[in-house]
file entry.pdb (PDB, C-alpha atoms)
ATOM      1  CA  MET N   1     -35.866   6.047  15.657  1.00  0.00           C
ATOM      2  CA  GLN N   2     -36.960   7.998  12.586  1.00  0.00           C
ATOM      3  CA  ILE N   3     -33.564   9.671  12.284  1.00  0.00           C
ATOM      4  CA  ARG N   4     -31.874   6.280  12.614  1.00  0.00           C
ATOM      5  CA  ASN N   5     -34.008   4.827   9.833  1.00  0.00           C
ATOM      6  CA  GLN N   6     -33.232   7.797   7.603  1.00  0.00           C
ATOM      7  CA  ILE N   7     -29.526   7.225   8.142  1.00  0.00           C
ATOM      8  CA  LYS N   8     -29.864   3.536   7.237  1.00  0.00           C
ATOM      9  CA  THR N   9     -31.817   4.252   4.048  1.00  0.00           C
ATOM     10  CA  ALA N  10     -29.704   7.220   2.946  1.00  0.00           C
ATOM     11  CA  LYS N  11     -28.259   6.732  -0.543  1.00  0.00           C
ATOM     12  CA  PRO N  12     -24.471   6.653  -0.921  1.00  0.00           C
ATOM     13  CA  LYS N  13     -23.066   9.969  -2.095  1.00  0.00           C
ATOM     14  CA  THR N  14     -21.125  10.328  -5.328  1.00  0.00           C
ATOM     15  CA  ALA N  15     -17.441  10.580  -4.497  1.00  0.00           C
ATOM     16  CA  GLY N  16     -15.465  13.557  -5.733  1.00  0.00           C
ATOM     17  CA  VAL N  17     -11.787  14.340  -6.082  1.00  0.00           C
ATOM     18  CA  TRP N  18     -11.305  15.287  -2.439  1.00  0.00           C
ATOM     19  CA  ASP N  19     -13.253  12.253  -1.207  1.00  0.00           C
ATOM     20  CA  TYR N  20     -10.885   9.863  -2.974  1.00  0.00           C
ATOM     21  CA  PHE N  21      -7.853  11.956  -2.102  1.00  0.00           C
ATOM     22  CA  SER N  22      -8.791  11.969   1.590  1.00  0.00           C
ATOM     23  CA  LEU N  23      -9.103   8.163   1.533  1.00  0.00           C
ATOM     24  CA  GLY N  24      -5.616   7.987   0.040  1.00  0.00           C
ATOM     25  CA  LEU N  25      -4.316  10.321   2.740  1.00  0.00           C
ATOM     26  CA  THR N  26      -5.947   8.093   5.340  1.00  0.00           C
ATOM     27  CA  ALA N  27      -4.033   5.107   3.935  1.00  0.00           C
ATOM     28  CA  PHE N  28      -0.831   7.157   4.059  1.00  0.00           C
ATOM     29  CA  GLY N  29      -1.635   8.138   7.634  1.00  0.00           C
ATOM     30  CA  GLY N  30      -2.117   4.464   8.449  1.00  0.00           C
ATOM     31  CA  LEU N  31       1.373   3.703   7.185  1.00  0.00           C
ATOM     32  CA  GLY N  32       2.644   6.659   9.193  1.00  0.00           C
ATOM     33  CA  MET N  33       1.385   5.056  12.404  1.00  0.00           C
ATOM     34  CA  GLU N  34       4.554   2.978  12.376  1.00  0.00           C
ATOM     35  CA  VAL N  35       6.570   6.143  12.977  1.00  0.00           C
ATOM     36  CA  VAL N  36       4.436   6.871  16.037  1.00  0.00           C
ATOM     37  CA  TYR N  37       4.915   3.342  17.355  1.00  0.00           C
ATOM     38  CA  ALA N  38       8.589   2.893  16.505  1.00  0.00           C
ATOM     39  CA  TYR N  39       9.968   6.316  17.405  1.00  0.00           C
ATOM     40  CA  PHE N  40       7.704   7.544  20.195  1.00  0.00           C
ATOM     41  CA  LEU N  41       5.493   4.938  21.860  1.00  0.00           C
ATOM     42  CA  GLU N  42       7.519   1.715  21.890  1.00  0.00           C
ATOM     43  CA  PRO N  43      10.909   3.208  22.850  1.00  0.00           C
ATOM     44  CA  PHE N  44       9.144   4.619  25.909  1.00  0.00           C
ATOM     45  CA  VAL N  45       7.631   1.197  26.721  1.00  0.00           C
ATOM     46  CA  TYR N  46      10.794  -0.838  26.043  1.00  0.00           C
ATOM     47  CA  GLY N  47      13.254   1.732  27.369  1.00  0.00           C
ATOM     48  CA  ALA N  48      15.375   1.371  24.231  1.00  0.00           C
ATOM     49  CA  PRO N  49      15.413   2.723  20.646  1.00  0.00           C
ATOM     50  CA  MET N  50      14.245   0.502  17.787  1.00  0.00           C
ATOM     51  CA  GLN N  51      17.814  -0.450  16.834  1.00  0.00           C
ATOM     52  CA  GLU N  52      18.302  -2.080  20.253  1.00  0.00           C
ATOM     53  CA  TRP N  53      15.064  -4.090  20.490  1.00  0.00           C
ATOM     54  CA  THR N  54      15.180  -7.798  21.181  1.00  0.00           C
ATOM     55  CA  PRO N  55      13.732 -10.209  18.584  1.00  0.00           C
ATOM     56  CA  ILE N  56      10.593 -10.627  20.704  1.00  0.00           C
ATOM     57  CA  GLN N  57      10.127  -6.847  20.950  1.00  0.00           C
ATOM     58  CA  THR N  58      10.552  -6.561  17.188  1.00  0.00           C
ATOM     59  CA  ILE N  59       7.933  -9.265  16.613  1.00  0.00           C
ATOM     60  CA  ILE N  60       5.536  -7.537  19.026  1.00  0.00           C
ATOM     61  CA  HIS N  61       6.058  -4.319  17.051  1.00  0.00           C
ATOM     62  CA  TRP N  62       5.245  -6.079  13.778  1.00  0.00           C
ATOM     63  CA  ILE N  63       2.131  -7.687  15.256  1.00  0.00           C
ATOM     64  CA  CYS N  64       0.873  -4.356  16.629  1.00  0.00           C
ATOM     65  CA  ILE N  65       1.469  -2.487  13.383  1.00  0.00           C
ATOM     66  CA  CYS N  66      -0.093  -5.286  11.289  1.00  0.00           C
ATOM     67  CA  ILE N  67      -3.234  -5.134  13.429  1.00  0.00           C
ATOM     68  CA  THR N  68      -3.283  -1.350  13.007  1.00  0.00           C
ATOM     69  CA  TRP N  69      -2.785  -1.563   9.247  1.00  0.00           C
ATOM     70  CA  GLY N  70      -5.439  -4.273   8.997  1.00  0.00           C
ATOM     71  CA  ILE N  71      -7.947  -2.015  10.779  1.00  0.00           C
ATOM     72  CA  PHE N  72      -7.127   0.840   8.403  1.00  0.00           C
ATOM     73  CA  GLY N  73      -7.476  -1.428   5.352  1.00  0.00           C
ATOM     74  CA  ILE N  74     -10.846  -2.852   6.429  1.00  0.00           C
ATOM     75  CA  TRP N  75     -12.151   0.616   7.289  1.00  0.00           C
ATOM     76  CA  LEU N  76     -11.102   2.008   3.905  1.00  0.00           C
ATOM     77  CA  LEU N  77     -12.786  -0.840   2.028  1.00  0.00           C
ATOM     78  CA  ARG N  78     -16.010  -0.439   4.009  1.00  0.00           C
ATOM     79  CA  GLU N  79     -15.989   3.351   3.779  1.00  0.00           C
ATOM     80  CA  CYS N  80     -15.555   3.204   0.016  1.00  0.00           C
ATOM     81  CA  LYS N  81     -18.360   0.666  -0.349  1.00  0.00           C
ATOM     82  CA  GLU N  82     -20.888   2.045   2.147  1.00  0.00           C
ATOM     83  CA  LYS N  83     -20.346   5.770   1.725  1.00  0.00           C
ATOM     84  CA  TYR N  84     -19.598   6.007  -2.000  1.00  0.00           C
ATOM     85  CA  ASN N  85     -20.977   2.705  -3.327  1.00  0.00           C
ATOM     86  CA  VAL N  86     -17.616   1.804  -4.867  1.00  0.00           C
ATOM     87  CA  ASP N  87     -16.848  -1.892  -4.459  1.00  0.00           C
ATOM     88  CA  LEU N  88     -13.100  -2.372  -4.750  1.00  0.00           C
ATOM     89  CA  TRP N  89     -13.619  -6.154  -4.626  1.00  0.00           C
ATOM     90  CA  ALA N  90     -15.669  -6.137  -7.824  1.00  0.00           C
ATOM     91  CA  SER N  91     -14.186  -8.421 -10.472  1.00  0.00           C
ATOM     92  CA  SER N  92     -12.503  -6.859 -13.481  1.00  0.00           C
ATOM     93  CA  ARG N  93     -12.249  -7.960 -17.082  1.00  0.00           C
ATOM     94  CA  PRO N  94      -9.673 -10.678 -17.924  1.00  0.00           C
ATOM     95  CA  MET N  95      -6.130  -9.632 -18.691  1.00  0.00           C
ATOM     96  CA  LYS N  96      -4.785  -9.898 -22.230  1.00  0.00           C
ATOM     97  CA  ALA N  97      -1.592 -11.774 -23.045  1.00  0.00           C
ATOM     98  CA  TRP N  98       0.458  -8.608 -23.448  1.00  0.00           C
ATOM     99  CA  GLN N  99      -0.733  -7.355 -20.052  1.00  0.00           C
ATOM    100  CA  ILE N 100       0.331 -10.594 -18.370  1.00  0.00           C
ATOM    101  CA  ALA N 101       3.721 -10.379 -20.092  1.00  0.00           C
ATOM    102  CA  ALA N 102       4.139  -6.750 -19.022  1.00  0.00           C
ATOM    103  CA  VAL N 103       3.253  -7.589 -15.403  1.00  0.00           C
ATOM    104  CA  PHE N 104       5.837 -10.391 -15.347  1.00  0.00           C
ATOM    105  CA  LEU N 105       8.386  -7.960 -16.760  1.00  0.00           C
ATOM    106  CA  PHE N 106       7.630  -5.505 -13.939  1.00  0.00           C
ATOM    107  CA  ILE N 107       7.996  -8.282 -11.351  1.00  0.00           C
ATOM    108  CA  ILE N 108      11.308  -9.451 -12.825  1.00  0.00           C
ATOM    109  CA  THR N 109      12.571  -5.854 -12.968  1.00  0.00           C
ATOM    110  CA  ALA N 110      11.571  -5.229  -9.346  1.00  0.00           C
ATOM    111  CA  VAL N 111      13.213  -8.459  -8.151  1.00  0.00           C
ATOM    112  CA  ALA N 112      16.376  -7.510 -10.067  1.00  0.00           C
ATOM    113  CA  ILE N 113      16.446  -4.033  -8.480  1.00  0.00           C
ATOM    114  CA  ASN N 114      15.988  -5.594  -5.047  1.00  0.00           C
ATOM    115  CA  ALA N 115      18.794  -8.055  -5.789  1.00  0.00           C
ATOM    116  CA  LEU N 116      21.158  -5.221  -6.706  1.00  0.00           C
ATOM    117  CA  GLU N 117      20.330  -3.373  -3.478  1.00  0.00           C
ATOM    118  CA  TRP N 118      20.540  -6.450  -1.251  1.00  0.00           C
ATOM    119  CA  GLY N 119      23.456  -8.208  -2.926  1.00  0.00           C
ATOM    120  CA  GLY N 120      21.249 -11.194  -3.748  1.00  0.00           C
ATOM    121  CA  LEU N 121      17.605 -12.180  -3.803  1.00  0.00           C
ATOM    122  CA  LYS N 122      15.891 -10.113  -1.116  1.00  0.00           C
ATOM    123  CA  VAL N 123      13.804 -13.002   0.215  1.00  0.00           C
ATOM    124  CA  ILE N 124      16.906 -15.191   0.671  1.00  0.00           C
ATOM    125  CA  CYS N 125      18.915 -12.379   2.255  1.00  0.00           C
ATOM    126  CA  GLU N 126      16.067 -11.619   4.656  1.00  0.00           C
ATOM    127  CA  TYR N 127      15.895 -15.279   5.679  1.00  0.00           C
ATOM    128  CA  ARG N 128      19.645 -15.536   6.227  1.00  0.00           C
ATOM    129  CA  ASN N 129      19.805 -12.303   8.206  1.00  0.00           C
ATOM    130  CA  LYS N 130      16.814 -12.946  10.433  1.00  0.00           C
ATOM    131  CA  GLY N 131      16.286 -16.668  10.774  1.00  0.00           C
ATOM    132  CA  PHE N 132      12.962 -18.432  10.371  1.00  0.00           C
ATOM    133  CA  LEU N 133      10.877 -16.782  13.125  1.00  0.00           C
ATOM    134  CA  LEU N 134      11.808 -13.145  12.405  1.00  0.00           C
ATOM    135  CA  PHE N 135      11.641 -13.844   8.676  1.00  0.00           C
ATOM    136  CA  ALA N 136       8.086 -15.210   8.939  1.00  0.00           C
ATOM    137  CA  PHE N 137       6.809 -12.199  10.880  1.00  0.00           C
ATOM    138  CA  GLN N 138       8.749  -9.811   8.631  1.00  0.00           C
ATOM    139  CA  TYR N 139       6.910 -11.128   5.575  1.00  0.00           C
ATOM    140  CA  ILE N 140       3.536 -10.989   7.283  1.00  0.00           C
ATOM    141  CA  TYR N 141       4.433  -7.350   7.978  1.00  0.00           C
ATOM    142  CA  TYR N 142       5.270  -6.849   4.292  1.00  0.00           C
ATOM    143  CA  ALA N 143       1.910  -8.341   3.305  1.00  0.00           C
ATOM    144  CA  PHE N 144      -0.009  -5.819   5.429  1.00  0.00           C
ATOM    145  CA  GLU N 145       2.233  -2.947   4.335  1.00  0.00           C
ATOM    146  CA  THR N 146       1.453  -3.808   0.713  1.00  0.00           C
ATOM    147  CA  VAL N 147      -2.264  -3.412   1.434  1.00  0.00           C
ATOM    148  CA  LEU N 148      -1.923   0.211   2.509  1.00  0.00           C
ATOM    149  CA  PHE N 149       0.453   1.472  -0.137  1.00  0.00           C
ATOM    150  CA  MET N 150      -1.800  -0.276  -2.670  1.00  0.00           C
ATOM    151  CA  MET N 151      -4.695   1.744  -1.206  1.00  0.00           C
ATOM    152  CA  ILE N 152      -2.711   4.944  -1.751  1.00  0.00           C
ATOM    153  CA  ILE N 153      -2.286   3.950  -5.392  1.00  0.00           C
ATOM    154  CA  ILE N 154      -5.953   3.022  -5.821  1.00  0.00           C
ATOM    155  CA  PHE N 155      -7.398   6.173  -4.276  1.00  0.00           C
ATOM    156  CA  GLY N 156      -4.751   8.388  -5.837  1.00  0.00           C
ATOM    157  CA  GLN N 157      -5.717   6.934  -9.216  1.00  0.00           C
ATOM    158  CA  MET N 158      -9.420   7.521  -8.576  1.00  0.00           C
ATOM    159  CA  ALA N 159      -8.873  11.087  -7.386  1.00  0.00           C
ATOM    160  CA  CYS N 160      -6.770  12.062 -10.404  1.00  0.00           C
ATOM    161  CA  GLU N 161      -9.092  10.363 -12.898  1.00  0.00           C
ATOM    162  CA  CYS N 162     -12.026  12.215 -11.369  1.00  0.00           C
ATOM    163  CA  TRP N 163     -10.109  15.506 -11.410  1.00  0.00           C
ATOM    164  CA  LEU N 164      -8.748  15.147 -14.963  1.00  0.00           C
ATOM    165  CA  ASP N 165     -11.823  13.542 -16.518  1.00  0.00           C
ATOM    166  CA  GLY N 166     -12.127  14.865 -20.081  1.00  0.00           C
ATOM    167  CA  SER N 167      -8.655  16.443 -20.066  1.00  0.00           C
ATOM    168  CA  PHE N 168      -7.097  13.674 -22.157  1.00  0.00           C
ATOM    169  CA  PRO N 169      -8.237  11.624 -25.164  1.00  0.00           C
ATOM    170  CA  ILE N 170     -10.630   8.814 -24.252  1.00  0.00           C
ATOM    171  CA  GLN N 171      -7.951   6.259 -25.209  1.00  0.00           C
ATOM    172  CA  LEU N 172      -5.695   7.501 -22.402  1.00  0.00           C
ATOM    173  CA  HIS N 173      -8.337   7.940 -19.723  1.00  0.00           C
ATOM    174  CA  GLY N 174      -7.709   5.520 -16.896  1.00  0.00           C
ATOM    175  CA  LYS N 175      -4.436   4.288 -18.404  1.00  0.00           C
ATOM    176  CA  ILE N 176      -2.018   6.824 -16.934  1.00  0.00           C
ATOM    177  CA  PRO N 177      -0.658   5.615 -13.547  1.00  0.00           C
ATOM    178  CA  TYR N 178      -1.588   8.694 -11.536  1.00  0.00           C
ATOM    179  CA  GLY N 179      -1.944   6.606  -8.385  1.00  0.00           C
ATOM    180  CA  GLY N 180       1.613   5.375  -8.711  1.00  0.00           C
ATOM    181  CA  ILE N 181       2.857   8.938  -9.001  1.00  0.00           C
ATOM    182  CA  VAL N 182       0.903   9.943  -5.884  1.00  0.00           C
ATOM    183  CA  CYS N 183       2.195   6.898  -3.998  1.00  0.00           C
ATOM    184  CA  GLY N 184       5.736   7.525  -5.218  1.00  0.00           C
ATOM    185  CA  LEU N 185       5.720  11.102  -3.964  1.00  0.00           C
ATOM    186  CA  THR N 186       4.328  10.171  -0.535  1.00  0.00           C
ATOM    187  CA  TRP N 187       6.544   7.091  -0.290  1.00  0.00           C
ATOM    188  CA  GLY N 188       9.567   9.083  -1.436  1.00  0.00           C
ATOM    189  CA  LEU N 189       8.981  11.835   1.097  1.00  0.00           C
ATOM    190  CA  ALA N 190       8.515   9.244   3.839  1.00  0.00           C
ATOM    191  CA  HIS N 191      11.831   7.594   2.945  1.00  0.00           C
ATOM    192  CA  ILE N 192      13.630  10.927   2.909  1.00  0.00           C
ATOM    193  CA  PHE N 193      12.245  11.649   6.384  1.00  0.00           C
ATOM    194  CA  THR N 194      12.897   8.223   7.928  1.00  0.00           C
ATOM    195  CA  LYS N 195      16.200   7.404   6.194  1.00  0.00           C
ATOM    196  CA  GLY N 196      17.578  10.895   5.585  1.00  0.00           C
ATOM    197  CA  SER N 197      18.513  10.039   2.003  1.00  0.00           C
ATOM    198  CA  LEU N 198      17.479  11.754  -1.216  1.00  0.00           C
ATOM    199  CA  LEU N 199      18.398   8.578  -3.111  1.00  0.00           C
ATOM    200  CA  SER N 200      15.919   6.609  -0.991  1.00  0.00           C
ATOM    201  CA  GLY N 201      13.319   9.251  -1.843  1.00  0.00           C
ATOM    202  CA  PHE N 202      14.009   8.883  -5.556  1.00  0.00           C
ATOM    203  CA  ASN N 203      13.775   5.106  -5.257  1.00  0.00           C
ATOM    204  CA  GLY N 204      10.391   5.554  -3.570  1.00  0.00           C
ATOM    205  CA  ILE N 205       9.142   7.599  -6.523  1.00  0.00           C
ATOM    206  CA  LEU N 206      10.435   4.965  -8.961  1.00  0.00           C
ATOM    207  CA  TRP N 207       8.775   2.128  -7.034  1.00  0.00           C
ATOM    208  CA  GLY N 208       5.506   4.012  -6.824  1.00  0.00           C
ATOM    209  CA  ALA N 209       5.457   4.590 -10.581  1.00  0.00           C
ATOM    210  CA  MET N 210       6.221   0.931 -11.283  1.00  0.00           C
ATOM    211  CA  MET N 211       3.516  -0.355  -8.955  1.00  0.00           C
ATOM    212  CA  GLY N 212       1.009   2.185 -10.230  1.00  0.00           C
ATOM    213  CA  SER N 213       1.661   0.929 -13.752  1.00  0.00           C
ATOM    214  CA  ALA N 214       1.196  -2.655 -12.582  1.00  0.00           C
ATOM    215  CA  TYR N 215      -2.163  -1.685 -11.065  1.00  0.00           C
ATOM    216  CA  ILE N 216      -3.293  -0.383 -14.451  1.00  0.00           C
ATOM    217  CA  LEU N 217      -2.025  -3.522 -16.207  1.00  0.00           C
ATOM    218  CA  VAL N 218      -4.078  -5.871 -13.996  1.00  0.00           C
ATOM    219  CA  ASN N 219      -7.180  -3.860 -14.972  1.00  0.00           C
ATOM    220  CA  LYS N 220      -7.387  -2.357 -11.476  1.00  0.00           C
ATOM    221  CA  ASP N 221      -8.249  -5.707  -9.906  1.00  0.00           C
ATOM    222  CA  ILE N 222      -7.427  -5.380  -6.199  1.00  0.00           C
ATOM    223  CA  ARG N 223      -6.654  -9.074  -5.748  1.00  0.00           C
ATOM    224  CA  LYS N 224      -4.216  -9.303  -8.639  1.00  0.00           C
ATOM    225  CA  ALA N 225      -2.758  -5.906  -7.757  1.00  0.00           C
ATOM    226  CA  TRP N 226      -1.967  -6.976  -4.187  1.00  0.00           C
ATOM    227  CA  ALA N 227      -0.286 -10.195  -5.330  1.00  0.00           C
ATOM    228  CA  VAL N 228       1.814  -8.419  -7.961  1.00  0.00           C
ATOM    229  CA  MET N 229       2.818  -5.564  -5.649  1.00  0.00           C
ATOM    230  CA  PHE N 230       3.719  -7.981  -2.850  1.00  0.00           C
ATOM    231  CA  LEU N 231       5.992  -9.947  -5.170  1.00  0.00           C
ATOM    232  CA  MET N 232       7.579  -6.738  -6.458  1.00  0.00           C
ATOM    233  CA  PHE N 233       8.103  -5.327  -2.976  1.00  0.00           C
ATOM    234  CA  ALA N 234       9.022  -8.385  -0.909  1.00  0.00           C
ATOM    235  CA  PHE N 235      11.059 -10.512  -3.302  1.00  0.00           C
TER     236      PHE N 235
END
call {"tool": "encode", "arguments": {"input": "entry.pdb", "output": "structure tokens"}}
result
Amino acid sequence: MQIRNQIKTAKPKTAGVWDYFSLGLTAFGGLGMEVVYAYFLEPFVYGAPMQEWTPIQTIIHWICICITWGIFGIWLLRECKEKYNVDLWASSRPMKAWQIAAVFLFIITAVAINALEWGGLKVICEYRNKGFLLFAFQYIYYAFETVLFMMIIIFGQMACECWLDGSFPIQLHGKIPYGGIVCGLTWGLAHIFTKGSLLSGFNGILWGAMMGSAYILVNKDIRKAWAVMFLMFAF
């Protein structure tokens, strides 16, 4: 009982570079769970590779991976709050007009890049290709996916700021999108592995940098960051 009380009253520790970096790696590992499901577990269960799944099997996959990603996201938020006393839900200062304009520019740029790759607006192409039911679950999947790559950006940013604290002028501290660079490298490597394309890897780095910059522009507000990144990624 005494040990239990000591654990409950123990003060949160101050997070260091590796603490934040390990949380970011955990988020990356959460995203990587889809590889385990899609290439190892589910083909064994369904008796067919992912490319041959029925619509119902695809929806079941999305539901399972969304639940998994949701568990990872909740755990990361609680771990950050309870272990390190860092509340990612804390409100940030209001955005200035130029920040709002810059965020809209990033969204428009991202939508334009998606349109070039898809041959039209991504959201419309997805709907036409999949129909209503698959489209609805696909975008729920995108919403949960956004949570975890946003976590990579957030914790990558925290780790690098902690590591490089005092290395740059005070005016630049916290304004360089380190988290986007970290996310871009992990995202790029993942795309090279899953799609076998260096161009896909480069695109991953570009997207990471853009979303990391957007995170800085919304003053590191997790709510605004998720909304902006979802629009950039899914539309």
call {"tool": "closest_residue", "arguments": {"input": "entry.pdb", "among": "N:Asn114, N:Met50, N:Phe106, N:Gly188", "to": "N:Glu126", "atoms": "all atoms listed in the file"}}
result
N:Asn114
call {"tool": "residues_around", "arguments": {"input": "entry.pdb", "residues": "stretch 70-73 of chain N", "least_positions_apart": "3", "cutoff": "7 Å", "atoms": "all atoms listed in the file", "output": "JSON list (two decimals) with C-alpha atoms, keeping the file's coordinate frame"}}
result
[["chain", "number", "residue", "atom", "x", "y", "z"],
["N", 27, "ALA", "CA", -4.03, 5.11, 3.94],
["N", 30, "GLY", "CA", -2.12, 4.46, 8.45],
["N", 66, "CYS", "CA", -0.09, -5.29, 11.29],
["N", 67, "ILE", "CA", -3.23, -5.13, 13.43],
["N", 76, "LEU", "CA", -11.10, 2.01, 3.90],
["N", 77, "LEU", "CA", -12.79, -0.84, 2.03],
["N", 144, "PHE", "CA", -0.01, -5.82, 5.43],
["N", 147, "VAL", "CA", -2.26, -3.41, 1.43],
["N", 148, "LEU", "CA", -1.92, 0.21, 2.51]]
call {"tool": "closest_residue", "arguments": {"input": "entry.pdb", "among": "N:Met33, N:Met210, N:Val45, N:Val218", "to": "N:Thr109", "atoms": "only C-alpha atoms"}}
result
N:Met210
call {"tool": "residues_around", "arguments": {"input": "entry.pdb", "residues": "N:Trp163", "least_positions_apart": "5", "cutoff": "9 Å", "atoms": "all atoms listed in the file", "output": "list in words"}}
result
Gly16, Val17 and Met158 of chain N
call {"tool": "residues_around", "arguments": {"input": "entry.pdb", "residues": "N:Leu121", "least_positions_apart": "4", "cutoff": "9 Å", "atoms": "all atoms listed in the file", "output": "list in words"}}
result
Val111, Ala112, Asn114, Ala115, Leu116, Cys125, Glu126 and Phe235 of chain N
call {"tool": "resolve_selection", "arguments": {"input": "entry.pdb", "expression": "the PyMOL selection byres ((chain N and resi 208) around 12)", "output": "number ranges by chain"}}
result
N: 110, 146, 149-154, 156-157, 177-189, 201-207, 209-215, 229, 232-233
call {"tool": "residues_around", "arguments": {"input": "entry.pdb", "residues": "N:Lys96", "least_positions_apart": "5", "cutoff": "12 Å", "atoms": "all atoms listed in the file", "output": "list in words"}}
result
Ala101, Ala102, Val103, Leu217, Val218 and Asn219 of chain N
call {"tool": "closest_residue", "arguments": {"input": "entry.pdb", "among": "N:Ile107, N:Ile65, N:Ala15, N:Val36", "to": "N:Val86", "atoms": "all atoms listed in the file"}}
result
N:Ala15
call {"tool": "resolve_selection", "arguments": {"input": "entry.pdb", "expression": "the PyMOL selection byres ((chain N and resi 84) around 7)", "output": "list in words"}}
result
Pro12, Lys13, Thr14, Ala15, Cys80, Lys81, Glu82, Lys83, Asn85 and Val86 of chain N
call {"tool": "closest_residue", "arguments": {"input": "entry.pdb", "among": "N:Leu105, N:Arg78, N:Tyr142, N:Met95", "to": "N:Val123", "atoms": "all atoms listed in the file"}}
result
N:Tyr142
call {"tool": "closest_residue", "arguments": {"input": "entry.pdb", "among": "N:Phe132, N:Trp89, N:Tyr20, N:Phe104", "to": "N:Lys220", "atoms": "all atoms listed in the file"}}
result
N:Trp89
call {"tool": "residues_around", "arguments": {"input": "entry.pdb", "residues": "N:Ser91", "least_positions_apart": "5", "cutoff": "9 Å", "atoms": "all atoms listed in the file", "output": "list in words"}}
result
Asp221, Ile222 and Arg223 of chain N
call {"tool": "atom_distance", "arguments": {"input": "entry.pdb", "atom1": "atom CA of N:Ala225", "atom2": "atom CA of N:His61"}}
result
26.4 Å
call {"tool": "closest_residue", "arguments": {"input": "entry.pdb", "among": "N:Ile176, N:Asp87, N:Trp118, N:Tyr37", "to": "N:Ile63", "atoms": "all atoms listed in the file"}}
result
N:Tyr37
call {"tool": "axis_aligned_box", "arguments": {"input": "entry.pdb", "around": "stretch 181-185 of chain N", "padding_each_side": "4 Å", "output": "JSON"}}
result
{"center_x": 3.3, "center_y": 9.0, "center_z": -6.5, "size_x": 12.8, "size_y": 12.2, "size_z": 13.0}
call {"tool": "resolve_selection", "arguments": {"input": "entry.pdb", "expression": "the PyMOL selection byres ((chain N and resi 134) around 12)", "output": "VMD selection string"}}
result
chain N and resid 54 to 63 126 to 133 135 to 141
call {"tool": "atom_distance", "arguments": {"input": "entry.pdb", "atom1": "atom CA of N:Lys175", "atom2": "atom CA of N:Phe28"}}
result
22.9 Å
